[in-house]
Every structure is written in C-alpha cells, then in structure tokens.
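Undergrad: I'm passing along input.txt; it holds compact mmCIF, C-alpha atoms.
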# COMPACT_ATOMS: atom_id res chain seq x y z
CA MET H 1 -21.13 -18.07 29.09
CA ILE H 2 -20.12 -17.53 25.46
CA ASN H 3 -22.22 -16.01 22.68
CA LYS H 4 -22.84 -18.62 20.00
CA ASN H 5 -22.48 -17.71 16.33
CA PRO H 6 -24.35 -19.82 13.77
CA GLY H 7 -21.92 -21.68 11.50
CA THR H 8 -18.93 -21.29 13.85
CA ALA H 9 -17.75 -24.25 15.89
CA LEU H 10 -18.23 -23.73 19.61
CA TYR H 11 -14.70 -24.88 20.49
CA TYR H 12 -13.30 -22.23 18.11
CA LEU H 13 -15.25 -19.46 19.86
CA ILE H 14 -13.90 -20.62 23.22
CA LYS H 15 -10.36 -20.82 21.81
CA GLU H 16 -10.64 -17.23 20.56
CA LYS H 17 -12.04 -16.05 23.90
CA LEU H 18 -9.19 -17.70 25.80
CA LEU H 19 -6.72 -16.19 23.34
CA GLU H 20 -8.22 -12.76 23.99
CA LEU H 21 -7.81 -13.30 27.75
CA ILE H 22 -4.17 -14.22 27.17
CA LYS H 23 -3.51 -11.20 24.97
CA ASN H 24 -5.03 -8.74 27.44
CA GLU H 25 -3.00 -10.45 30.19
CA THR H 26 -5.97 -11.65 32.22
CA TYR H 27 -3.93 -14.85 32.02
CA GLN H 28 -0.29 -13.73 31.98
CA VAL H 29 2.73 -15.60 30.65
CA GLY H 30 3.59 -18.42 33.03
CA SER H 31 0.24 -18.30 34.84
CA GLN H 32 -1.94 -21.36 35.17
CA LEU H 33 -5.25 -21.58 33.34
CA PRO H 34 -8.39 -22.74 35.15
CA THR H 35 -8.92 -26.50 35.15
CA GLU H 36 -11.06 -28.16 32.50
CA SER H 37 -13.92 -28.46 35.00
CA GLU H 38 -13.68 -24.76 35.86
CA LEU H 39 -13.63 -23.80 32.17
CA CYS H 40 -16.69 -26.00 31.59
CA GLN H 41 -18.54 -24.05 34.26
CA MET H 42 -17.21 -20.71 33.01
CA PHE H 43 -18.37 -21.21 29.42
CA GLU H 44 -21.26 -23.63 30.14
CA VAL H 45 -20.04 -26.20 27.62
CA SER H 46 -18.96 -29.84 27.67
CA ARG H 47 -15.50 -31.08 28.63
CA THR H 48 -14.98 -32.32 25.05
CA THR H 49 -15.48 -28.79 23.71
CA ILE H 50 -13.01 -27.36 26.24
CA ARG H 51 -10.42 -30.01 25.37
CA LEU H 52 -10.70 -29.21 21.66
CA ALA H 53 -10.19 -25.51 22.38
CA LEU H 54 -7.17 -26.20 24.58
CA GLN H 55 -5.67 -28.58 22.01
CA GLN H 56 -5.83 -25.86 19.36
CA LEU H 57 -4.18 -23.33 21.67
CA GLU H 58 -1.46 -25.85 22.45
CA ILE H 59 -0.86 -26.55 18.75
CA ASP H 60 -0.56 -22.79 18.18
CA GLY H 61 2.04 -22.59 20.95
CA LYS H 62 -0.07 -20.33 23.17
CA ILE H 63 -0.28 -22.75 26.10
CA HIS H 64 1.52 -25.86 27.34
CA ARG H 65 0.63 -28.67 29.70
CA VAL H 66 2.75 -29.81 32.62
CA GLN H 67 2.05 -33.37 33.72
CA GLY H 68 0.41 -33.45 37.12
CA LYS H 69 0.34 -29.66 37.46
CA GLY H 70 -1.99 -28.21 34.84
CA THR H 71 -2.07 -25.94 31.79
CA PHE H 72 0.02 -22.78 31.61
CA VAL H 73 0.34 -19.76 29.31
CA SER H 74 3.44 -20.10 27.13
CA LYS H 75 6.00 -17.43 26.39
CA PRO H 76 5.38 -15.84 22.97
CA LYS H 77 7.35 -17.27 20.09
CA ILE H 78 9.54 -15.07 17.96
CA ASN H 79 8.57 -14.81 14.30
CA GLU H 80 11.47 -15.51 11.98
CA ALA H 81 10.14 -13.88 8.82
CA LEU H 82 11.10 -15.45 5.50
CA SER H 83 10.08 -12.79 3.01
CA GLN H 84 11.52 -10.24 0.62
CA ASN H 85 12.39 -7.87 3.47
CA ILE H 86 15.49 -8.84 5.44
CA LYS H 87 15.06 -8.26 9.16
CA SER H 88 17.94 -8.50 11.57
CA PHE H 89 17.64 -10.32 14.89
CA SER H 90 17.42 -6.94 16.62
CA GLU H 91 14.51 -5.89 14.40
CA GLN H 92 12.70 -9.19 15.02
CA MET H 93 13.07 -8.74 18.77
CA LYS H 94 11.75 -5.19 18.53
CA ASP H 95 8.71 -6.45 16.63
CA ALA H 96 8.13 -8.96 19.43
CA GLY H 97 8.35 -6.24 22.07
CA LEU H 98 11.64 -7.54 23.49
CA VAL H 99 14.90 -5.76 24.20
CA SER H 100 17.72 -7.54 22.37
CA TYR H 101 21.43 -7.69 22.92
CA SER H 102 24.27 -9.99 22.00
CA LYS H 103 27.02 -11.44 24.14
CA VAL H 104 30.18 -11.73 22.07
CA LEU H 105 31.77 -15.10 22.77
CA SER H 106 34.69 -14.67 20.36
CA LEU H 107 35.89 -12.32 17.62
CA ASP H 108 38.88 -13.47 15.58
CA VAL H 109 40.50 -13.34 12.16
CA ILE H 110 40.95 -16.76 10.57
CA PRO H 111 42.16 -18.01 7.16
CA ALA H 112 39.31 -19.07 4.88
CA TYR H 113 39.06 -22.83 4.49
CA PHE H 114 37.93 -24.28 1.17
CA SER H 115 34.13 -24.40 1.64
CA LEU H 116 34.10 -21.01 3.39
CA ALA H 117 36.09 -19.43 0.58
CA GLN H 118 33.67 -20.87 -1.97
CA ALA H 119 30.61 -19.53 -0.13
CA LEU H 120 32.10 -16.05 0.26
CA GLU H 121 33.66 -16.06 -3.25
CA ILE H 122 37.15 -15.33 -1.98
CA LYS H 123 40.45 -17.19 -2.19
CA GLU H 124 41.32 -20.01 0.16
CA ASP H 125 43.37 -18.69 3.13
CA ASP H 126 42.10 -15.12 2.59
CA PRO H 127 41.48 -13.44 5.97
CA VAL H 128 37.94 -13.78 7.34
CA ILE H 129 36.46 -12.31 10.50
CA LYS H 130 34.73 -14.94 12.64
CA LEU H 131 32.17 -13.55 15.08
CA VAL H 132 30.46 -15.87 17.58
CA ARG H 133 27.58 -14.46 19.62
CA LEU H 134 24.91 -15.57 22.05
CA ARG H 135 21.82 -13.54 21.22
CA TYR H 136 19.23 -12.59 23.83
CA GLY H 137 15.60 -11.54 23.71
CA GLY H 138 14.89 -9.96 27.08
CA THR H 139 16.81 -12.02 29.62
CA GLU H 140 16.74 -15.30 27.69
CA PRO H 141 19.32 -16.65 25.24
CA LEU H 142 17.41 -17.42 22.04
CA GLN H 143 20.06 -17.94 19.40
CA HIS H 144 23.70 -18.99 19.06
CA SER H 145 25.12 -17.35 15.97
CA THR H 146 28.42 -17.69 14.11
CA SER H 147 29.11 -15.16 11.35
CA PHE H 148 31.94 -15.12 8.82
CA ILE H 149 32.69 -11.79 7.10
CA PRO H 150 35.48 -11.29 4.55
CA TRP H 151 38.12 -9.09 6.14
CA LYS H 152 38.17 -6.80 3.08
CA VAL H 153 34.47 -5.99 3.63
CA ALA H 154 35.01 -4.59 7.13
CA PRO H 155 38.73 -4.46 7.98
CA SER H 156 38.36 -2.85 11.41
CA LEU H 157 35.28 -4.84 12.48
CA ILE H 158 37.39 -6.75 14.97
CA GLN H 159 37.91 -3.49 16.86
CA GLU H 160 34.20 -2.59 16.95
CA ASP H 161 31.51 -3.28 19.54
CA CYS H 162 29.60 -6.19 18.02
CA SER H 163 27.04 -6.58 20.80
CA GLY H 164 24.38 -4.80 18.75
CA SER H 165 23.05 -5.34 15.23
CA LEU H 166 25.76 -6.58 12.87
CA PHE H 167 23.80 -5.52 9.79
CA GLN H 168 23.33 -2.02 11.18
CA LEU H 169 27.04 -1.79 11.93
CA LEU H 170 27.98 -2.95 8.43
CA ARG H 171 25.58 -0.43 6.89
CA THR H 172 26.56 2.61 8.93
CA LYS H 173 30.23 2.06 9.69
CA PHE H 174 31.36 0.27 6.55
CA GLU H 175 28.72 1.46 4.04
CA VAL H 176 27.75 -2.07 3.01
CA ASP H 177 24.56 -2.16 0.92
CA ILE H 178 22.85 -5.29 2.24
CA TYR H 179 20.33 -6.46 -0.34
CA ARG H 180 19.33 -10.13 -0.04
CA SER H 181 20.07 -13.40 1.68
CA VAL H 182 19.71 -17.06 0.79
CA GLU H 183 18.66 -19.11 3.81
CA SER H 184 18.17 -22.75 4.70
CA ILE H 185 16.38 -24.15 7.74
CA GLU H 186 16.96 -27.59 9.20
CA PRO H 187 15.43 -29.14 12.32
CA ILE H 188 18.08 -30.40 14.74
CA ILE H 189 18.50 -31.73 18.27
CA THR H 190 20.85 -29.71 20.48
CA ASN H 191 23.93 -31.29 21.99
CA GLN H 192 25.03 -30.80 25.59
CA THR H 193 27.26 -27.78 24.91
CA MET H 194 24.68 -25.91 22.83
CA SER H 195 21.92 -26.75 25.31
CA GLU H 196 23.91 -25.24 28.17
CA LEU H 197 24.54 -22.06 26.17
CA LEU H 198 20.85 -21.68 25.27
CA ASN H 199 19.66 -22.74 28.72
CA ILE H 200 17.49 -25.58 27.43
CA PRO H 201 17.50 -29.33 28.16
CA ALA H 202 19.97 -31.43 26.18
CA GLY H 203 18.33 -32.95 23.12
CA SER H 204 15.82 -30.11 22.72
CA PRO H 205 14.30 -29.66 19.24
CA SER H 206 15.81 -26.57 17.61
CA PHE H 207 16.52 -25.09 14.20
CA LEU H 208 19.78 -24.73 12.32
CA LEU H 209 19.50 -21.58 10.23
CA GLU H 210 22.25 -21.06 7.64
CA SER H 211 22.40 -18.05 5.33
CA VAL H 212 24.57 -16.15 2.89
CA THR H 213 23.91 -12.40 2.64
CA TYR H 214 24.62 -10.40 -0.50
CA THR H 215 25.08 -6.74 -1.44
CA THR H 216 23.24 -4.87 -4.19
CA LYS H 217 26.13 -5.89 -6.48
CA ASP H 218 25.46 -9.54 -5.57
CA LEU H 219 28.70 -9.92 -3.63
CA PRO H 220 28.51 -12.23 -0.59
CA ILE H 221 29.44 -10.36 2.58
CA GLU H 222 28.40 -12.76 5.33
CA LEU H 223 27.99 -16.47 5.88
CA SER H 224 26.15 -17.28 9.08
CA SER H 225 25.17 -20.41 10.97
CA SER H 226 22.72 -20.06 13.84
CA VAL H 227 21.10 -22.48 16.25
CA VAL H 228 17.66 -21.14 17.16
CA ARG H 229 15.61 -22.40 20.10
CA GLY H 230 12.62 -24.35 18.85
CA ASP H 231 10.47 -23.58 21.89
CA ARG H 232 10.61 -19.82 21.29
CA SER H 233 10.57 -19.53 17.50
CA LYS H 234 8.34 -20.05 14.52
CA PHE H 235 9.02 -19.28 10.89
CA VAL H 236 6.67 -17.27 8.69
CA MET H 237 7.04 -17.46 4.91
CA GLU H 238 5.57 -14.94 2.50
CA ARG H 239 5.15 -15.96 -1.13
CA TYR H 240 4.30 -13.92 -4.20
CA TYR H 241 2.60 -15.48 -7.21
CA MET H 242 3.01 -13.79 -10.56
CA ASN H 243 -0.01 -13.70 -12.85
CA LYS H 244 0.90 -14.39 -16.42
Any chance you could put this one into structure tokens?

TA:
Amino acid sequence: MINKNPGTALYYLIKEKLLELIKNETYQVGSQLPTESELCQMFEVSRTTIRLALQQLEIDGKIHRVQGKGTFVSKPKINEALSQNIKSFSEQMKDAGLVSYSKVLSLDVIPAYFSLAQALEIKEDDPVIKLVRLRYGGTEPLQHSTSFIPWKVAPSLIQEDCSGSLFQLLRTKFEVDIYRSVESIEPIITNQTMSELLNIPAGSPSFLLESVTYTTKDLPIELSSSVVRGDRSKFVMERYYMNK
C-alpha cells in the first residue's frame, strides 16, 4: 500500500516508489517487474493507475516492455551534458559509474581535404591525424568516434596510446589548453556496418554528434564525428539567462 499525499496524483507516487525500488536495486537492471495485476495488489490501486505509472517510467527510459514477456528494468542512459563545462567521454562514463576504455580501430596521418582544412583553419593537404575509436562503457560499445587533429598540434600523437582520454592526453602530453567546443546533434538511423560495430540492430535510432574543439586562443584543435547509441544516451542542456 502507498501513502497518499493530498494534491499529488496517485500514479506519480507509484512511479516514484517504483523508481526508488529500481535505484536501490530491489529491481535490478534486466530484471522483470511484477505484472500489472501484481502491482495492483501491491499498491492497492486500479490497473489504470498502474499503467499510467509504468508509461511514465517507460517515457523516462527507466523500463521497457517486451511483447509477450513483460516489463523489464532498462540499463541506465548516459548523460551527454551540453553545458559550459566540457566533459570527455571518460568523464561522462565515470559520472555514470562505468569503467570506460576505447578500442583504437585506426590511427593514420592523412592530407586535409577542403572541408576539413576549413574546419580546422589549416591549409588544404596539410597533415592531419585521423583517429577512429570504438568507445566502451563497461563491456558495451556506446560510441563510434572519428577525430581529426592537426598534425602540428600533436606531432607524435600517432605514436601514443590513444585508448584512454584524448583530451587528457592532449592536455598533459602536448600542453593543449582545451577551452570550448561547438557541437551539433542530429538524429540518424544506423546502417549495417555501424550497427555491427555498436552491437545494435540495423536501423536503430542513434545520434550523430559533430563538434569542433578550440583552445583558449580560439584555435581549432579537433574536429570529431561520433555515432552515439540512442538506446543508452540522453542529452542534457544547461542554459544561462542574463538579466539586463
């Protein structure tokens, strides 16, 4: 039975109680929730109230339904923070309580093509380091990332271990003062190749995240293009409003 609070919808109270049971791992990730009938008996409310609570949890990404099997606790989504503080993938995974690492798929030096040279404010055909990584949170691939760094920014980067945080490596090894990034987010559907890399079904909803990162002197030092799994990510934006 649930304690009723005047002025608060009953379904919301049940949603919050179920969320509490998920957070304290009474219902662990991947485990099945009780049926609607069992929840009705547990909380002594109508089926309509239970369905509203479950719908809200599903919208929030906390649970998911499997046709013919039941309702299950979803894996937590990773917050991609869009704010004034730049957080690397490694830092985001740490915030989510996950161990991160990157599998380097390729690391090469290429000549800058026209649009790449424009974005990085270098000359066409100037040498650029191209780093392609598959990025993991725990044991799951969550992001496929391609980074382009002007060779002059980090000449020996191609000889370094790039399986960790690229930003941390640029800061410590090459003394790059990373200051800001300009990012764009676009919803996409993954193709067969990308789906196999990210271990998701072909045609899965995902995000294409493109960014240019700048130093304190406003020099671009990285252009990146990442495909981020839609089932494990959400984006949080923080805005500041100036009072005049």

Undergrad: So, with all atoms listed in the file as the atoms that count, which of H:Ala202, H:Val228, H:Leu170, H:Leu19 lies closest to Ile63 in chain H?

TA: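 So, comparing all the options, the nearest one is H:Leu19.
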
Undergrad: Quick one, how far is CA of Tyr27 in chain H from CA of Gly61 in chain H?

TA: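 So the two atoms, CA of Tyr27 in chain H and CA of Gly61 in chain H, lie 14.8 Å apart.
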
Undergrad: Could you check how far CA of Pro220 in chain H sits from CA of Arg180 in chain H, in Å to one decimal?

TA: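 Straight-line distance from CA of Pro220 in chain H to CA of Arg180 in chain H works out to 9.4 Å.
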
Undergrad: What's around Arg65 in chain H at 10 Å? Count all atoms listed in the file, leave out sequence neighbours fewer than 6 positions away in its own chain, and write the answer as an MDAnalysis selection string.

TA: chainID H and resid 32:33 54:55 58 71:74

Undergrad: Between H:Ile185, H:Val104, H:Ile149, H:Val99, which has the minimum distance to Leu116 in chain H (counting all atoms listed in the file)?

TA: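 Using all atoms listed in the file, the shortest distance to Leu116 in chain H belongs to H:Ile149.
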
Undergrad: Between H:Ser233, H:Ser106, H:Ser225, H:Thr193, which is the closest to Cys162 in chain H once you count all atoms listed in the file?

TA: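 Using all atoms listed in the file, the shortest distance to Cys162 in chain H belongs to H:Ser106.
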
Undergrad: Measure the distance from CA of Arg232 in chain H to CA of Pro76 in chain H in Å and round it to one decimal.

TA: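 Spanning CA of Arg232 in chain H to CA of Pro76 in chain H is a straight-line distance of 6.8 Å.
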
Undergrad: Considering all atoms listed in the file, can you say which of H:Ile14, H:Leu57, H:Leu142, H:Val29 comes closest to Glu196 in chain H?

TA: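 So, comparing all the options, the nearest one is H:Leu142.
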
Undergrad: Write out as a PyMOL selection string the residues lying within 9 Å of Gln143 in chain H, counting all atoms listed in the file and excluding same-chain residues fewer than 4 positions away.

TA: chain H and resi 133-137+198+226-229

Undergrad: Of the candidates H:Thr139, H:Ser181, H:Asn191, H:Ser204, which shows the shortest atom-to-atom distance to Ile221 in chain H, using all atoms listed in the file?

TA: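 Selected residue with least distance to Ile221 in chain H: H:Ser181.
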
Undergrad: Please write as an mmCIF file with C-alpha atoms, in the coordinates of the input the list of polymer residues whose atoms come within 12 Å of (35.0, -15.5, -4.5), counting only C-alpha atoms and keeping to the coordinates of the file.

TA:
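Writing the result to point15.cif gives the following:
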data_model
loop_
_atom_site.group_PDB
_atom_site.id
_atom_site.type_symbol
_atom_site.label_atom_id
_atom_site.label_comp_id
_atom_site.auth_asym_id
_atom_site.auth_seq_id
_atom_site.Cartn_x
_atom_site.Cartn_y
_atom_site.Cartn_z
ATOM 1 C CA ALA H 112 39.310 -19.070 4.880
ATOM 2 C CA PHE H 114 37.930 -24.280 1.170
ATOM 3 C CA SER H 115 34.130 -24.400 1.640
ATOM 4 C CA LEU H 116 34.100 -21.010 3.390
ATOM 5 C CA ALA H 117 36.090 -19.430 0.580
ATOM 6 C CA GLN H 118 33.670 -20.870 -1.970
ATOM 7 C CA ALA H 119 30.610 -19.530 -0.130
ATOM 8 C CA LEU H 120 32.100 -16.050 0.260
ATOM 9 C CA GLU H 121 33.660 -16.060 -3.250
ATOM 10 C CA ILE H 122 37.150 -15.330 -1.980
ATOM 11 C CA LYS H 123 40.450 -17.190 -2.190
ATOM 12 C CA GLU H 124 41.320 -20.010 0.160
ATOM 13 C CA ASP H 125 43.370 -18.690 3.130
ATOM 14 C CA ASP H 126 42.100 -15.120 2.590
ATOM 15 C CA PRO H 150 35.480 -11.290 4.550
ATOM 16 C CA LYS H 152 38.170 -6.800 3.080
ATOM 17 C CA ASP H 218 25.460 -9.540 -5.570
ATOM 18 C CA LEU H 219 28.700 -9.920 -3.630
ATOM 19 C CA PRO H 220 28.510 -12.230 -0.590
ATOM 20 C CA ILE H 221 29.440 -10.360 2.580
#

Undergrad: Write out as a VMD selection string each polymer residue whose atoms come within 8 Å of Tyr179 in chain H, counting all atoms listed in the file; drop sequence neighbours fewer than 4 positions from it.

TA: chain H and resid 86 213 to 216 218

Undergrad: When distances are computed from only C-alpha atoms, which of H:Ala53, H:Val212, H:Cys40, H:Val176 shows the smallest separation from Ala9 in chain H?

TA: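 Closest to Ala9 in chain H of all the choices is H:Ala53.
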
Undergrad: Axis-aligned box over every listed atom of range 99-112 of chain H, padded by 5 Å per side: centre and edges in Å to one decimal, as AutoDock Vina command-line options?

TA:
--center_x 28.5 --center_y -12.4 --center_z 14.5 --size_x 37.3 --size_y 23.3 --size_z 29.3
